[in-house]
Amino acid sequence: MRIAILAYDRMSPFMLSTPLAVFGEPFLASGNEVVVCAEESRISASGGLVIETCHSISTAQQADVVILPGWRDAEEPVSPAILEQLRLAHERGAIVVGLCLGAFGLAEAGLLDGKRATTHWARMAEFGTRYPAVNLDPAAIFVDEDKVLTSAGIAAGLDCCLHLLARLYGIGEANRVARHLVVAPQRGGEQPQLVERPSPISSAERRVADILEGIWAEPVQTPSLDAIARQVGMSRRSLTRHIRSRTGGSLGGWLRRARINRAQDALLRGASGVENIAVQCGFPDAQSLRRAFRIEFGMTPTQWLARQRLD
């Protein structure tokens with residue numbers, strides 16, 4: 001598999017490094033290829049950096065995945081050469097990804113008309129005015145529309161790329177990469193953009209973080225708020241506030257996503273029997289598993305699995 005990252009003059013080094021970090025050495029060691037393509041062989045980057053690229057932008061025409069990591073200015077039109085590569089990729093059935101303001105490029109190329117998408121929260125109004133045919137989701141940190149993916153601002157690009165890696169090589173591999181990058185396990189795309197995610201400072205906050213990580217690793221049991229509150233020495237109200245600040249939601253939502261995460265991994269590894277998968281992941285029955293998938297993805301587990309297979 002070949003992934004092409006479209007670089008451009010005056011780009012953010014962080015935006016470029018995001019897909020390079022996620023699709024790093026383990027991905028390359030498996031026989032895959034990641035190329036950085038640009039219109040010019042030498043481009044500038046913020047902070048006074050200069051980047052030299054070995055691949056012309058036309059190299060993206062052989063890629064299975066084409067990623068536009070941001071764009072330098074939402075008020076400036078995206079380069080016609082980049083728009084052409086995005087359209088060509090879409091026409092041949094490749095996956096096209098727009099990270100952060102890269103969503104403007106996908107929209108300008110006409111790839112988001114009638115589809116759900118997201119971008120940086122600070123540019124939502126401008127995006128909605130310019131591209132009224134796009135079903136803009138201002139809350140999501142990333143949106144997966146099968147062959148077209150968009151992400152919210154800056155760090156949400158990591159979540160989007162980890163999600164794509166999970167589609168290609170399984171949830172287990174995505175979580176392994178997330179751990180290597182020292183970031184939280186993959187967040188669901190529906191989580192809100194504007195969430196404070198402070199590092200734990202007090203010993204109680206560290207215990208809450210450890211408990212949440214433990215739930216993610218072993219989500220079969222159903223811990224109660226009261227039991228966790230006693231364990232970390234907090235009131236129920238304080239615990240609820242700390243959980244929301246770290247996860248963007250409730251304990252129940254975190255537990256549901258952890259169970260879905262395990263179910264996704266089981267499905268991608270070829271496990272059979274939705275009822276058995278449900279019980280092994282902590283759901284009371286297959287109906288509960290299907291309901292959780294509909295809440296998270298708007299589809300059944302079977303439909304979700306079918307969408308993970310590349311044409």
# chains A, B, ... in the order shown; residues from 1 in each chain; ligands from 1

call {"tool": "residues_around", "arguments": {"residues": "Leu99 (chain A)", "least_positions_apart": "5", "cutoff": "10 Å", "atoms": "only C-alpha atoms", "output": "NGL selection string"}}
result
:A and (15-16 or 18-19 or 67-71 or 104-106 or 118-120 or 142 or 149-158 or 160-161)

call {"tool": "write_last_selection", "arguments": {"atoms": "C-alpha atoms", "output": "CSV table (one decimal), in the first residue's frame"}}
result
chain,number,residue,atom,x,y,z
A,15,MET,CA,0.7,18.9,10.3
A,16,LEU,CA,3.2,17.1,8.1
A,18,THR,CA,1.2,13.8,12.0
A,19,PRO,CA,0.6,11.2,9.3
A,67,ILE,CA,-3.6,12.9,2.6
A,68,LEU,CA,-3.8,16.7,2.6
A,69,PRO,CA,-2.4,17.7,6.1
A,70,GLY,CA,-3.9,21.1,6.7
A,71,TRP,CA,-3.6,24.2,4.6
A,104,PHE,CA,-11.2,23.1,2.7
A,105,GLY,CA,-9.2,21.5,-0.1
A,106,LEU,CA,-11.5,18.4,-0.2
A,118,THR,CA,-15.6,18.5,9.9
A,119,THR,CA,-12.7,21.0,10.2
A,120,HIS,CA,-11.1,23.3,12.8
A,142,PHE,CA,-13.0,13.4,12.7
A,149,LEU,CA,-12.2,11.4,5.8
A,150,THR,CA,-11.9,14.8,7.5
A,151,SER,CA,-10.6,15.9,10.9
A,152,ALA,CA,-10.9,18.8,13.2
A,153,GLY,CA,-8.0,21.0,14.1
A,154,ILE,CA,-4.4,20.2,14.8
A,155,ALA,CA,-4.1,17.3,17.2
A,156,ALA,CA,-7.4,15.7,16.0
A,157,GLY,CA,-5.4,14.8,12.9
A,158,LEU,CA,-3.7,12.1,15.1
A,160,CYS,CA,-8.1,10.6,12.3
A,161,CYS,CA,-4.9,8.9,11.2

call {"tool": "select_by_dssp", "arguments": {"residues": "region 191-288 of chain A", "states": "helix (DSSP H, G or I)", "output": "ChimeraX atom specification"}}
result
/A:203-217,225-232,236-247,251-268,274-280,286-288

call {"tool": "residues_around", "arguments": {"residues": "Phe127 (chain A)", "least_positions_apart": "4", "cutoff": "9 Å", "atoms": "only C-alpha atoms", "output": "ChimeraX atom specification"}}
result
/A:74,103-104,107,119,123,131-132,134,136

call {"tool": "write_last_selection", "arguments": {"atoms": "C-alpha atoms", "output": "mmCIF file, in the first residue's frame"}}
result
data_model
loop_
_atom_site.group_PDB
_atom_site.id
_atom_site.type_symbol
_atom_site.label_atom_id
_atom_site.label_comp_id
_atom_site.auth_asym_id
_atom_site.auth_seq_id
_atom_site.Cartn_x
_atom_site.Cartn_y
_atom_site.Cartn_z
ATOM 1 C CA ALA A 74 -8.362 29.116 5.044
ATOM 2 C CA ALA A 103 -10.996 19.809 4.648
ATOM 3 C CA PHE A 104 -11.216 23.090 2.698
ATOM 4 C CA ALA A 107 -14.564 20.665 -0.251
ATOM 5 C CA THR A 119 -12.729 20.984 10.232
ATOM 6 C CA ARG A 123 -13.151 28.064 10.836
ATOM 7 C CA TYR A 131 -19.510 25.149 1.100
ATOM 8 C CA PRO A 132 -23.240 24.970 1.907
ATOM 9 C CA VAL A 134 -21.441 19.943 2.829
ATOM 10 C CA LEU A 136 -20.779 20.142 8.403
#

call {"tool": "residues_around", "arguments": {"residues": "Asp64 (chain A)", "least_positions_apart": "5", "cutoff": "8 Å", "atoms": "only C-alpha atoms", "output": "list in words"}}
result
Met1, Arg2, Ile3, Ala4, Ala89, Ala94 and Ile95 of chain A

call {"tool": "atom_distance", "arguments": {"atom1": "CA of Gln85 (chain A)", "atom2": "CA of Ala60 (chain A)"}}
result
6.8 Å

call {"tool": "residues_around", "arguments": {"residues": "region 48-51 of chain A", "least_positions_apart": "6", "cutoff": "12 Å", "atoms": "only C-alpha atoms", "output": "list of chain:residue names"}}
result
A:Ala7, A:Tyr8, A:Asp9, A:Arg10, A:Met11, A:Ser12, A:Pro13, A:Phe14, A:Leu16, A:Ser17, A:Val36, A:Cys37, A:Ala38, A:Glu40, A:Ser41, A:Arg42
